[in-house]
Amino acid sequence: MRLLSSAFVALLAFARLSFAASSSGDSVLVLLDTSLDRENYSIFFGGLEKRGYSLTFRAPKDASPAITDYDVPNFDHVIFFSPEAKSYAQDITPQSLVGLLSEKTNLLIALSPKQTPLTSLATEFSLILPPPETPLISHHPVRSERPTTIPVAVSSSSPLLTPGIPPVWFSGAPHALGNNPMLVPILRAPAESFAADSTDDTGADGIVDATEKGGEGLWAGSQMGLVTGFQTNVNSRVVFAGGIDLFSDEYARKELPSGTPSGNSQFARDIATWVFQETLTLRIDSVEHHRVNQTEAPEMYTTNDEIVYTAHISSYDSRTSTWKPYSGIGDLQLEFTMLDPHIRTSLPPVPGSPGAYQVQFRAPDRHGVFKFILNWKRKGYSYLSSSTTVPVVPPRHDGYPRFLSAAWPYYTGAISTSAGFFLFAALWLAGDVKGERKKGSKAE
């Protein structure tokens, strides 16, 4: 009976994973601050539940349910809607959250202008936050709302956002982006906005002067980020949002100054689908390599062999919860390297073969231990990485051609020298010797 129940639990877990909207699972832990009402975010949470996610709510200081047990994550995704919490339970520290990302758990974190433990976590991901209590301020466009409640235009160039999203309402703190290439900018501050500790125009002349001089420490303009993602080397994802009101029902229903509906609802949905790995999720199913006119991979290659390399790539489809062949990468490259790349060539998709990328090249005229390196990293997409080690050896003693056309002068010299030697020997042995003495004769 116990064996039957264990099998049923395992089958149920497998079924949940098979039909999950996310490629990494559907269990979500929501850390909701006690000062916030869950019903104020019903549109966002309801959208997650409709897509098949199982939400578990917990206060920041509660000890259960635990995020991890024996360093094994209990949830596939964690949402931090506690922007002003000063302390958390013992299982929530910046170090433990970094460990969660190492275990492929995704994080959605809402920040605030106040100093909290989550702000120190943001610095670990190359995000530079302004001094505490300095929210984003903008007096444009003209509107009846406070200067800290700003309509922000959504860029149409981001691959993880639905094209044509209307501007979104934002209220919170901006951040500056470091030089880390793993950062994924999602929403930038308006060009006319700035961060300040006062909502009036006191000190506006100083901001203008700093802008003209390009002074350091200036928190103004579109170089500031409002919502930024980060993707680790193991393809786990984390998103930092500068304000929690971005996900609220109030902002989702609030009209823009132009009278049109805001894009907060769709924008929040797009953020969740990306950070929970529903979209832009790729993987390498398999790689193959062999000689031309062969199908099996050899134990070793010989210099100057013609090699065929094939990679099969698929993309996750959240609508069917399946992986499907993907041929949409146009800049994939393959490196054949030994310390340094000896060959770097494009790896184009194969026409008529979905998900297959193939290239043919000649092995370098150098023996050693080589690697097929596939390393594709683009902002927003899952990283693709593959490494296959193969030896390249010189030809065997019977693998060289018997005669080399370039060596015919040496062949001619050797043959002529041998022929001259035999001719000289024949003449020497067969010739007569004059003045040879007769046997038995004596000199008088």
# chains A, B, ... in the order shown; residues from 1 in each chain; ligands from 1
>>> residues_around(residues="Lys61 in chain A", least_positions_apart="4", cutoff="10 Å", atoms="only C-alpha atoms", output="JSON, numbers by chain")
{"A": [31, 33, 34, 85, 86, 87, 88, 89, 90, 91, 92]}
>>> write_last_selection(atoms="all heavy atoms", output="short mmCIF file (atom, residue, chain, number, x, y, z; two decimals), in the first residue's frame")
data_model
loop_
_atom_site.label_atom_id
_atom_site.label_comp_id
_atom_site.auth_asym_id
_atom_site.auth_seq_id
_atom_site.Cartn_x
_atom_site.Cartn_y
_atom_site.Cartn_z
N LEU A 31 5.73 35.92 -0.89
CA LEU A 31 5.97 36.56 0.40
C LEU A 31 5.31 37.93 0.36
O LEU A 31 5.83 38.88 -0.23
CB LEU A 31 7.47 36.70 0.66
CG LEU A 31 8.14 35.44 1.25
CD1 LEU A 31 8.50 34.47 0.14
CD2 LEU A 31 9.37 35.80 2.04
N ASP A 33 3.76 41.17 2.27
CA ASP A 33 3.86 41.94 3.50
C ASP A 33 2.50 42.01 4.19
O ASP A 33 1.45 42.11 3.55
CB ASP A 33 4.38 43.34 3.19
CG ASP A 33 4.98 44.01 4.40
OD1 ASP A 33 4.30 44.04 5.44
OD2 ASP A 33 6.12 44.49 4.32
N THR A 34 2.54 41.98 5.52
CA THR A 34 1.29 42.02 6.29
C THR A 34 0.55 43.34 6.12
O THR A 34 -0.65 43.40 6.37
CB THR A 34 1.60 41.78 7.78
OG1 THR A 34 2.59 42.72 8.21
CG2 THR A 34 2.13 40.37 8.00
N ALA A 85 9.66 45.57 4.09
CA ALA A 85 9.96 44.70 5.24
C ALA A 85 11.40 44.91 5.68
O ALA A 85 12.33 44.84 4.86
CB ALA A 85 9.71 43.25 4.87
N LYS A 86 11.59 45.15 6.95
CA LYS A 86 12.93 45.39 7.49
C LYS A 86 13.65 44.10 7.86
O LYS A 86 14.88 44.08 7.96
CB LYS A 86 12.83 46.30 8.71
CG LYS A 86 12.33 47.71 8.42
CD LYS A 86 13.31 48.47 7.54
CE LYS A 86 12.86 49.90 7.33
NZ LYS A 86 13.80 50.67 6.47
N SER A 87 12.90 43.05 8.12
CA SER A 87 13.52 41.79 8.53
C SER A 87 12.71 40.63 7.97
O SER A 87 11.51 40.76 7.68
CB SER A 87 13.62 41.69 10.05
OG SER A 87 12.33 41.74 10.63
N TYR A 88 13.39 39.50 7.83
CA TYR A 88 12.77 38.29 7.29
C TYR A 88 13.09 37.12 8.21
O TYR A 88 13.89 37.23 9.15
CB TYR A 88 13.29 38.00 5.88
CG TYR A 88 12.82 38.98 4.84
CD1 TYR A 88 13.51 40.17 4.61
CD2 TYR A 88 11.69 38.73 4.07
CE1 TYR A 88 13.08 41.08 3.66
CE2 TYR A 88 11.26 39.63 3.10
CZ TYR A 88 11.95 40.80 2.91
OH TYR A 88 11.52 41.69 1.96
N ALA A 89 12.46 36.01 7.92
CA ALA A 89 12.77 34.78 8.65
C ALA A 89 14.20 34.34 8.37
O ALA A 89 14.87 34.85 7.45
CB ALA A 89 11.78 33.68 8.26
N GLN A 90 14.68 33.39 9.16
CA GLN A 90 16.08 32.99 9.07
C GLN A 90 16.43 32.35 7.73
O GLN A 90 17.60 32.35 7.33
CB GLN A 90 16.41 32.03 10.20
CG GLN A 90 16.35 32.66 11.59
CD GLN A 90 16.73 31.69 12.68
OE1 GLN A 90 16.97 30.51 12.42
NE2 GLN A 90 16.80 32.18 13.91
N ASP A 91 15.44 31.79 7.04
CA ASP A 91 15.75 31.13 5.78
C ASP A 91 15.80 32.09 4.60
O ASP A 91 16.01 31.67 3.46
CB ASP A 91 14.72 30.02 5.49
CG ASP A 91 13.30 30.58 5.36
OD1 ASP A 91 13.06 31.69 5.87
OD2 ASP A 91 12.46 29.90 4.75
N ILE A 92 15.62 33.38 4.85
CA ILE A 92 15.64 34.37 3.78
C ILE A 92 16.75 35.37 4.06
O ILE A 92 16.63 36.25 4.92
CB ILE A 92 14.29 35.09 3.65
CG1 ILE A 92 13.17 34.09 3.37
CG2 ILE A 92 14.35 36.13 2.53
CD1 ILE A 92 11.80 34.71 3.30
#
>>> select_by_dssp(residues="range 36-68 of chain A", states="strand (DSSP E or B)", output="list in words")
Ser54, Leu55, Thr56, Phe57, Arg58 and Thr68 of chain A
>>> write_last_selection(atoms="all heavy atoms", output="PDB file, in the first residue's frame")
ATOM      1  N   SER A  54       0.334  27.241  -8.866  1.00  0.00           N
ATOM      2  CA  SER A  54      -0.150  26.985  -7.514  1.00  0.00           C
ATOM      3  C   SER A  54       0.524  27.972  -6.573  1.00  0.00           C
ATOM      4  O   SER A  54       1.734  27.883  -6.332  1.00  0.00           O
ATOM      5  CB  SER A  54       0.162  25.536  -7.100  1.00  0.00           C
ATOM      6  OG  SER A  54      -0.207  25.301  -5.766  1.00  0.00           O
ATOM      7  N   LEU A  55      -0.255  28.927  -6.041  1.00  0.00           N
ATOM      8  CA  LEU A  55       0.281  29.996  -5.219  1.00  0.00           C
ATOM      9  C   LEU A  55       0.170  29.640  -3.740  1.00  0.00           C
ATOM     10  O   LEU A  55      -0.877  29.202  -3.266  1.00  0.00           O
ATOM     11  CB  LEU A  55      -0.452  31.312  -5.485  1.00  0.00           C
ATOM     12  CG  LEU A  55      -0.473  31.812  -6.940  1.00  0.00           C
ATOM     13  CD1 LEU A  55      -1.155  33.171  -7.022  1.00  0.00           C
ATOM     14  CD2 LEU A  55       0.920  31.881  -7.507  1.00  0.00           C
ATOM     15  N   THR A  56       1.261  29.841  -3.021  1.00  0.00           N
ATOM     16  CA  THR A  56       1.294  29.680  -1.570  1.00  0.00           C
ATOM     17  C   THR A  56       1.749  30.995  -0.958  1.00  0.00           C
ATOM     18  O   THR A  56       2.813  31.509  -1.311  1.00  0.00           O
ATOM     19  CB  THR A  56       2.263  28.552  -1.161  1.00  0.00           C
ATOM     20  OG1 THR A  56       1.857  27.330  -1.796  1.00  0.00           O
ATOM     21  CG2 THR A  56       2.256  28.363   0.347  1.00  0.00           C
ATOM     22  N   PHE A  57       0.952  31.542  -0.041  1.00  0.00           N
ATOM     23  CA  PHE A  57       1.240  32.849   0.537  1.00  0.00           C
ATOM     24  C   PHE A  57       1.853  32.681   1.925  1.00  0.00           C
ATOM     25  O   PHE A  57       1.505  31.763   2.677  1.00  0.00           O
ATOM     26  CB  PHE A  57      -0.034  33.688   0.619  1.00  0.00           C
ATOM     27  CG  PHE A  57      -0.540  34.144  -0.715  1.00  0.00           C
ATOM     28  CD1 PHE A  57      -1.339  33.317  -1.491  1.00  0.00           C
ATOM     29  CD2 PHE A  57      -0.192  35.386  -1.208  1.00  0.00           C
ATOM     30  CE1 PHE A  57      -1.800  33.729  -2.725  1.00  0.00           C
ATOM     31  CE2 PHE A  57      -0.650  35.817  -2.446  1.00  0.00           C
ATOM     32  CZ  PHE A  57      -1.451  34.976  -3.208  1.00  0.00           C
ATOM     33  N   ARG A  58       2.747  33.609   2.229  1.00  0.00           N
ATOM     34  CA  ARG A  58       3.455  33.570   3.506  1.00  0.00           C
ATOM     35  C   ARG A  58       3.925  34.972   3.857  1.00  0.00           C
ATOM     36  O   ARG A  58       4.307  35.754   2.970  1.00  0.00           O
ATOM     37  CB  ARG A  58       4.640  32.604   3.408  1.00  0.00           C
ATOM     38  CG  ARG A  58       5.672  32.759   4.510  1.00  0.00           C
ATOM     39  CD  ARG A  58       6.909  31.938   4.227  1.00  0.00           C
ATOM     40  NE  ARG A  58       8.038  32.406   5.018  1.00  0.00           N
ATOM     41  CZ  ARG A  58       9.260  31.900   4.955  1.00  0.00           C
ATOM     42  NH1 ARG A  58       9.517  30.867   4.171  1.00  0.00           N
ATOM     43  NH2 ARG A  58      10.242  32.406   5.686  1.00  0.00           N
ATOM     44  N   THR A  68      13.364  26.257   1.509  1.00  0.00           N
ATOM     45  CA  THR A  68      14.201  25.093   1.214  1.00  0.00           C
ATOM     46  C   THR A  68      14.176  24.123   2.382  1.00  0.00           C
ATOM     47  O   THR A  68      13.953  24.520   3.536  1.00  0.00           O
ATOM     48  CB  THR A  68      15.653  25.506   0.935  1.00  0.00           C
ATOM     49  OG1 THR A  68      16.189  26.158   2.101  1.00  0.00           O
ATOM     50  CG2 THR A  68      15.750  26.443  -0.259  1.00  0.00           C
TER      51      THR A  68
END
>>> closest_residue(among="A:Lys104, A:Gly259, A:Arg291, A:Thr389", to="Arg143 in chain A", atoms="only C-alpha atoms")
A:Gly259
>>> closest_residue(among="A:Tyr53, A:Phe240, A:Tyr326, A:Trp428", to="Leu177 in chain A", atoms="only C-alpha atoms")
A:Phe240
>>> residues_around(residues="range 390-398 of chain A", least_positions_apart="2", cutoff="8 Å", atoms="only C-alpha atoms", output="list in words")
Glu299, Met300, Tyr301, Thr302, Thr303, Arg366, His367, Gly368, Val369, Phe370, Lys371, Phe372, Thr388, Tyr400 and Pro401 of chain A
>>> select_by_dssp(residues="range 172-417 of chain A", states="helix (DSSP H, G or I)", output="PDB file with N, CA, C and O atoms, in the first residue's frame")
ATOM      1  N   ALA A 204      15.958  72.590  -8.631  1.00  0.00           N
ATOM      2  CA  ALA A 204      15.868  72.205 -10.037  1.00  0.00           C
ATOM      3  C   ALA A 204      17.032  72.777 -10.840  1.00  0.00           C
ATOM      4  O   ALA A 204      17.515  72.147 -11.785  1.00  0.00           O
ATOM      5  N   ASP A 205      17.491  73.992 -10.469  1.00  0.00           N
ATOM      6  CA  ASP A 205      18.623  74.581 -11.189  1.00  0.00           C
ATOM      7  C   ASP A 205      19.878  73.731 -11.033  1.00  0.00           C
ATOM      8  O   ASP A 205      20.680  73.596 -11.968  1.00  0.00           O
ATOM      9  N   GLY A 206      20.048  73.130  -9.855  1.00  0.00           N
ATOM     10  CA  GLY A 206      21.203  72.268  -9.650  1.00  0.00           C
ATOM     11  C   GLY A 206      21.154  71.036 -10.516  1.00  0.00           C
ATOM     12  O   GLY A 206      22.180  70.562 -11.020  1.00  0.00           O
ATOM     13  N   ILE A 207      19.958  70.498 -10.733  1.00  0.00           N
ATOM     14  CA  ILE A 207      19.822  69.321 -11.601  1.00  0.00           C
ATOM     15  C   ILE A 207      20.147  69.670 -13.036  1.00  0.00           C
ATOM     16  O   ILE A 207      20.822  68.930 -13.759  1.00  0.00           O
ATOM     17  N   VAL A 208      19.696  70.849 -13.470  1.00  0.00           N
ATOM     18  CA  VAL A 208      19.997  71.288 -14.833  1.00  0.00           C
ATOM     19  C   VAL A 208      21.498  71.476 -15.015  1.00  0.00           C
ATOM     20  O   VAL A 208      22.093  71.052 -16.022  1.00  0.00           O
ATOM     21  N   ASP A 209      22.154  72.097 -14.046  1.00  0.00           N
ATOM     22  CA  ASP A 209      23.600  72.296 -14.140  1.00  0.00           C
ATOM     23  C   ASP A 209      24.339  70.967 -14.156  1.00  0.00           C
ATOM     24  O   ASP A 209      25.305  70.787 -14.915  1.00  0.00           O
ATOM     25  N   ALA A 210      23.902  70.027 -13.328  1.00  0.00           N
ATOM     26  CA  ALA A 210      24.560  68.721 -13.301  1.00  0.00           C
ATOM     27  C   ALA A 210      24.370  67.977 -14.611  1.00  0.00           C
ATOM     28  O   ALA A 210      25.263  67.255 -15.070  1.00  0.00           O
ATOM     29  N   THR A 211      23.204  68.189 -15.227  1.00  0.00           N
ATOM     30  CA  THR A 211      22.958  67.540 -16.511  1.00  0.00           C
ATOM     31  C   THR A 211      23.889  68.080 -17.579  1.00  0.00           C
ATOM     32  O   THR A 211      24.446  67.335 -18.395  1.00  0.00           O
ATOM     33  N   GLU A 212      24.081  69.402 -17.571  1.00  0.00           N
ATOM     34  CA  GLU A 212      24.952  69.994 -18.577  1.00  0.00           C
ATOM     35  C   GLU A 212      26.407  69.596 -18.366  1.00  0.00           C
ATOM     36  O   GLU A 212      27.163  69.425 -19.322  1.00  0.00           O
ATOM     37  N   LYS A 213      26.812  69.456 -17.099  1.00  0.00           N
ATOM     38  CA  LYS A 213      28.194  69.099 -16.811  1.00  0.00           C
ATOM     39  C   LYS A 213      28.432  67.593 -16.843  1.00  0.00           C
ATOM     40  O   LYS A 213      29.576  67.148 -16.876  1.00  0.00           O
ATOM     41  N   ILE A 244       6.089  48.219  -6.136  1.00  0.00           N
ATOM     42  CA  ILE A 244       5.099  47.147  -6.133  1.00  0.00           C
ATOM     43  C   ILE A 244       3.777  47.594  -6.732  1.00  0.00           C
ATOM     44  O   ILE A 244       2.982  46.757  -7.209  1.00  0.00           O
ATOM     45  N   ASP A 245       3.503  48.905  -6.742  1.00  0.00           N
ATOM     46  CA  ASP A 245       2.246  49.391  -7.305  1.00  0.00           C
ATOM     47  C   ASP A 245       2.116  49.069  -8.788  1.00  0.00           C
ATOM     48  O   ASP A 245       1.000  49.100  -9.331  1.00  0.00           O
ATOM     49  N   LEU A 246       3.209  48.788  -9.432  1.00  0.00           N
ATOM     50  CA  LEU A 246       3.177  48.410 -10.840  1.00  0.00           C
ATOM     51  C   LEU A 246       2.274  47.201 -11.073  1.00  0.00           C
ATOM     52  O   LEU A 246       1.671  47.056 -12.146  1.00  0.00           O
ATOM     53  N   PHE A 247       2.138  46.307 -10.071  1.00  0.00           N
ATOM     54  CA  PHE A 247       1.358  45.080 -10.208  1.00  0.00           C
ATOM     55  C   PHE A 247      -0.043  45.209  -9.591  1.00  0.00           C
ATOM     56  O   PHE A 247      -0.783  44.223  -9.565  1.00  0.00           O
ATOM     57  N   ASP A 249      -4.020  46.301  -8.745  1.00  0.00           N
ATOM     58  CA  ASP A 249      -5.258  46.446  -9.509  1.00  0.00           C
ATOM     59  C   ASP A 249      -5.545  47.915  -9.815  1.00  0.00           C
ATOM     60  O   ASP A 249      -6.128  48.239 -10.853  1.00  0.00           O
ATOM     61  N   GLU A 250      -5.173  48.808  -8.894  1.00  0.00           N
ATOM     62  CA  GLU A 250      -5.428  50.233  -9.098  1.00  0.00           C
ATOM     63  C   GLU A 250      -4.745  50.734 -10.361  1.00  0.00           C
ATOM     64  O   GLU A 250      -5.367  51.423 -11.187  1.00  0.00           O
ATOM     65  N   TYR A 251      -3.475  50.384 -10.539  1.00  0.00           N
ATOM     66  CA  TYR A 251      -2.755  50.842 -11.725  1.00  0.00           C
ATOM     67  C   TYR A 251      -3.203  50.084 -12.971  1.00  0.00           C
ATOM     68  O   TYR A 251      -3.126  50.614 -14.084  1.00  0.00           O
ATOM     69  N   ALA A 252      -3.652  48.849 -12.819  1.00  0.00           N
ATOM     70  CA  ALA A 252      -4.127  48.093 -13.973  1.00  0.00           C
ATOM     71  C   ALA A 252      -5.421  48.682 -14.527  1.00  0.00           C
ATOM     72  O   ALA A 252      -5.672  48.627 -15.738  1.00  0.00           O
ATOM     73  N   ARG A 253      -6.248  49.241 -13.650  1.00  0.00           N
ATOM     74  CA  ARG A 253      -7.522  49.825 -14.089  1.00  0.00           C
ATOM     75  C   ARG A 253      -7.422  51.329 -14.322  1.00  0.00           C
ATOM     76  O   ARG A 253      -8.357  51.925 -14.868  1.00  0.00           O
ATOM     77  N   ASN A 264      -0.494  48.245 -17.625  1.00  0.00           N
ATOM     78  CA  ASN A 264       0.077  47.576 -16.456  1.00  0.00           C
ATOM     79  C   ASN A 264      -0.263  46.099 -16.396  1.00  0.00           C
ATOM     80  O   ASN A 264       0.580  45.272 -16.037  1.00  0.00           O
ATOM     81  N   SER A 265      -1.507  45.755 -16.723  1.00  0.00           N
ATOM     82  CA  SER A 265      -1.922  44.353 -16.633  1.00  0.00           C
ATOM     83  C   SER A 265      -1.115  43.480 -17.579  1.00  0.00           C
ATOM     84  O   SER A 265      -0.577  42.446 -17.182  1.00  0.00           O
ATOM     85  N   GLN A 266      -1.008  43.887 -18.845  1.00  0.00           N
ATOM     86  CA  GLN A 266      -0.247  43.104 -19.816  1.00  0.00           C
ATOM     87  C   GLN A 266       1.240  43.144 -19.517  1.00  0.00           C
ATOM     88  O   GLN A 266       1.944  42.145 -19.682  1.00  0.00           O
ATOM     89  N   PHE A 267       1.731  44.276 -19.060  1.00  0.00           N
ATOM     90  CA  PHE A 267       3.152  44.396 -18.737  1.00  0.00           C
ATOM     91  C   PHE A 267       3.519  43.465 -17.586  1.00  0.00           C
ATOM     92  O   PHE A 267       4.545  42.770 -17.643  1.00  0.00           O
ATOM     93  N   ALA A 268       2.700  43.434 -16.527  1.00  0.00           N
ATOM     94  CA  ALA A 268       2.969  42.536 -15.408  1.00  0.00           C
ATOM     95  C   ALA A 268       2.892  41.077 -15.839  1.00  0.00           C
ATOM     96  O   ALA A 268       3.674  40.237 -15.381  1.00  0.00           O
ATOM     97  N   ARG A 269       1.973  40.775 -16.726  1.00  0.00           N
ATOM     98  CA  ARG A 269       1.867  39.403 -17.231  1.00  0.00           C
ATOM     99  C   ARG A 269       3.119  39.013 -18.010  1.00  0.00           C
ATOM    100  O   ARG A 269       3.653  37.902 -17.858  1.00  0.00           O
ATOM    101  N   ASP A 270       3.609  39.929 -18.865  1.00  0.00           N
ATOM    102  CA  ASP A 270       4.804  39.629 -19.651  1.00  0.00           C
ATOM    103  C   ASP A 270       6.024  39.428 -18.756  1.00  0.00           C
ATOM    104  O   ASP A 270       6.870  38.569 -19.025  1.00  0.00           O
ATOM    105  N   ILE A 271       6.122  40.234 -17.689  1.00  0.00           N
ATOM    106  CA  ILE A 271       7.238  40.064 -16.762  1.00  0.00           C
ATOM    107  C   ILE A 271       7.185  38.685 -16.111  1.00  0.00           C
ATOM    108  O   ILE A 271       8.191  37.983 -16.010  1.00  0.00           O
ATOM    109  N   ALA A 272       5.986  38.287 -15.675  1.00  0.00           N
ATOM    110  CA  ALA A 272       5.849  36.992 -15.004  1.00  0.00           C
ATOM    111  C   ALA A 272       6.136  35.836 -15.951  1.00  0.00           C
ATOM    112  O   ALA A 272       6.783  34.858 -15.562  1.00  0.00           O
ATOM    113  N   THR A 273       5.660  35.925 -17.183  1.00  0.00           N
ATOM    114  CA  THR A 273       5.903  34.832 -18.121  1.00  0.00           C
ATOM    115  C   THR A 273       7.385  34.677 -18.433  1.00  0.00           C
ATOM    116  O   THR A 273       7.868  33.567 -18.655  1.00  0.00           O
ATOM    117  N   TRP A 274       8.110  35.803 -18.440  1.00  0.00           N
ATOM    118  CA  TRP A 274       9.547  35.688 -18.716  1.00  0.00           C
ATOM    119  C   TRP A 274      10.300  35.149 -17.508  1.00  0.00           C
ATOM    120  O   TRP A 274      11.095  34.209 -17.644  1.00  0.00           O
ATOM    121  N   VAL A 275      10.065  35.728 -16.328  1.00  0.00           N
ATOM    122  CA  VAL A 275      10.844  35.317 -15.165  1.00  0.00           C
ATOM    123  C   VAL A 275      10.490  33.893 -14.739  1.00  0.00           C
ATOM    124  O   VAL A 275      11.337  33.180 -14.181  1.00  0.00           O
ATOM    125  N   SER A 405      53.301  14.694 -55.376  1.00  0.00           N
ATOM    126  CA  SER A 405      53.645  15.401 -56.612  1.00  0.00           C
ATOM    127  C   SER A 405      54.696  16.477 -56.357  1.00  0.00           C
ATOM    128  O   SER A 405      55.532  16.766 -57.225  1.00  0.00           O
ATOM    129  N   ALA A 406      54.678  17.066 -55.172  1.00  0.00           N
ATOM    130  CA  ALA A 406      55.650  18.119 -54.880  1.00  0.00           C
ATOM    131  C   ALA A 406      57.056  17.573 -54.678  1.00  0.00           C
ATOM    132  O   ALA A 406      58.029  18.334 -54.680  1.00  0.00           O
ATOM    133  N   ALA A 407      57.185  16.235 -54.512  1.00  0.00           N
ATOM    134  CA  ALA A 407      58.494  15.649 -54.235  1.00  0.00           C
ATOM    135  C   ALA A 407      59.143  15.039 -55.467  1.00  0.00           C
ATOM    136  O   ALA A 407      60.177  14.356 -55.342  1.00  0.00           O
ATOM    137  N   TRP A 408      58.562  15.249 -56.653  1.00  0.00           N
ATOM    138  CA  TRP A 408      59.145  14.656 -57.860  1.00  0.00           C
ATOM    139  C   TRP A 408      60.581  15.113 -58.118  1.00  0.00           C
ATOM    140  O   TRP A 408      61.405  14.315 -58.587  1.00  0.00           O
ATOM    141  N   PRO A 409      61.016  16.325 -57.846  1.00  0.00           N
ATOM    142  CA  PRO A 409      62.446  16.660 -58.017  1.00  0.00           C
ATOM    143  C   PRO A 409      63.363  15.794 -57.158  1.00  0.00           C
ATOM    144  O   PRO A 409      64.454  15.405 -57.607  1.00  0.00           O
ATOM    145  N   TYR A 410      62.913  15.478 -55.931  1.00  0.00           N
ATOM    146  CA  TYR A 410      63.729  14.616 -55.085  1.00  0.00           C
ATOM    147  C   TYR A 410      63.727  13.176 -55.599  1.00  0.00           C
ATOM    148  O   TYR A 410      64.741  12.476 -55.539  1.00  0.00           O
ATOM    149  N   TYR A 411      62.549  12.746 -56.077  1.00  0.00           N
ATOM    150  CA  TYR A 411      62.494  11.398 -56.670  1.00  0.00           C
ATOM    151  C   TYR A 411      63.454  11.308 -57.869  1.00  0.00           C
ATOM    152  O   TYR A 411      64.210  10.331 -58.033  1.00  0.00           O
ATOM    153  N   THR A 412      63.459  12.314 -58.737  1.00  0.00           N
ATOM    154  CA  THR A 412      64.317  12.305 -59.925  1.00  0.00           C
ATOM    155  C   THR A 412      65.791  12.301 -59.533  1.00  0.00           C
ATOM    156  O   THR A 412      66.615  11.563 -60.104  1.00  0.00           O
ATOM    157  N   GLY A 413      66.147  13.100 -58.517  1.00  0.00           N
ATOM    158  CA  GLY A 413      67.543  13.130 -58.083  1.00  0.00           C
ATOM    159  C   GLY A 413      67.981  11.787 -57.521  1.00  0.00           C
ATOM    160  O   GLY A 413      69.100  11.321 -57.796  1.00  0.00           O
ATOM    161  N   ALA A 414      67.126  11.134 -56.733  1.00  0.00           N
ATOM    162  CA  ALA A 414      67.486   9.841 -56.163  1.00  0.00           C
ATOM    163  C   ALA A 414      67.627   8.778 -57.245  1.00  0.00           C
ATOM    164  O   ALA A 414      68.560   7.954 -57.216  1.00  0.00           O
ATOM    165  N   ILE A 415      66.689   8.779 -58.196  1.00  0.00           N
ATOM    166  CA  ILE A 415      66.744   7.772 -59.269  1.00  0.00           C
ATOM    167  C   ILE A 415      67.978   7.985 -60.150  1.00  0.00           C
ATOM    168  O   ILE A 415      68.682   7.024 -60.518  1.00  0.00           O
ATOM    169  N   SER A 416      68.282   9.243 -60.494  1.00  0.00           N
ATOM    170  CA  SER A 416      69.450   9.498 -61.355  1.00  0.00           C
ATOM    171  C   SER A 416      70.749   9.157 -60.631  1.00  0.00           C
ATOM    172  O   SER A 416      71.696   8.621 -61.248  1.00  0.00           O
ATOM    173  N   THR A 417      70.823   9.420 -59.334  1.00  0.00           N
ATOM    174  CA  THR A 417      72.020   9.074 -58.577  1.00  0.00           C
ATOM    175  C   THR A 417      72.210   7.558 -58.528  1.00  0.00           C
ATOM    176  O   THR A 417      73.337   7.048 -58.698  1.00  0.00           O
TER     177      THR A 417
END
>>> atom_distance(atom1="CA of Gly25 in chain A", atom2="CA of Phe276 in chain A")
8.4 Å
>>> closest_atom_pairs(of="range 313-421 of chain A", to="range 281-284 of chain A", cutoff="7 Å", atoms="only C-alpha atoms", output="Markdown table")
| residue | atom | partner | partner_atom | distance |
| --- | --- | --- | --- | --- |
| A:Ile313 | CA | A:Ile284 | CA | 4.6 |
| A:Ser314 | CA | A:Arg283 | CA | 5.7 |
| A:Ser315 | CA | A:Leu282 | CA | 4.5 |
| A:Tyr316 | CA | A:Thr281 | CA | 5.7 |
| A:Tyr381 | CA | A:Thr281 | CA | 6.2 |
| A:Ser382 | CA | A:Thr281 | CA | 5.2 |
| A:Leu384 | CA | A:Arg283 | CA | 6.3 |
>>> decode(residues="range 48-56 of chain A", atoms="N, CA and C atoms", output="compact mmCIF listing (two decimals), in the first residue's frame")
# COMPACT_ATOMS: atom_id res chain seq x y z
N LEU A 48 -1.99 34.43 -12.75
CA LEU A 48 -1.08 33.31 -12.52
C LEU A 48 -1.84 32.02 -12.26
N GLU A 49 -2.90 32.10 -11.46
CA GLU A 49 -3.67 30.90 -11.15
C GLU A 49 -4.39 30.37 -12.39
N LYS A 50 -4.87 31.25 -13.25
CA LYS A 50 -5.53 30.80 -14.47
C LYS A 50 -4.56 30.07 -15.40
N ARG A 51 -3.30 30.42 -15.34
CA ARG A 51 -2.31 29.76 -16.19
C ARG A 51 -1.77 28.47 -15.55
N GLY A 52 -2.31 28.09 -14.41
CA GLY A 52 -1.97 26.80 -13.84
C GLY A 52 -0.98 26.84 -12.70
N TYR A 53 -0.64 28.02 -12.20
CA TYR A 53 0.31 28.10 -11.10
C TYR A 53 -0.40 27.86 -9.76
N SER A 54 0.33 27.24 -8.87
CA SER A 54 -0.15 26.99 -7.51
C SER A 54 0.52 27.97 -6.57
N LEU A 55 -0.25 28.93 -6.04
CA LEU A 55 0.28 30.00 -5.22
C LEU A 55 0.17 29.64 -3.74
N THR A 56 1.26 29.84 -3.02
CA THR A 56 1.29 29.68 -1.57
C THR A 56 1.75 31.00 -0.96
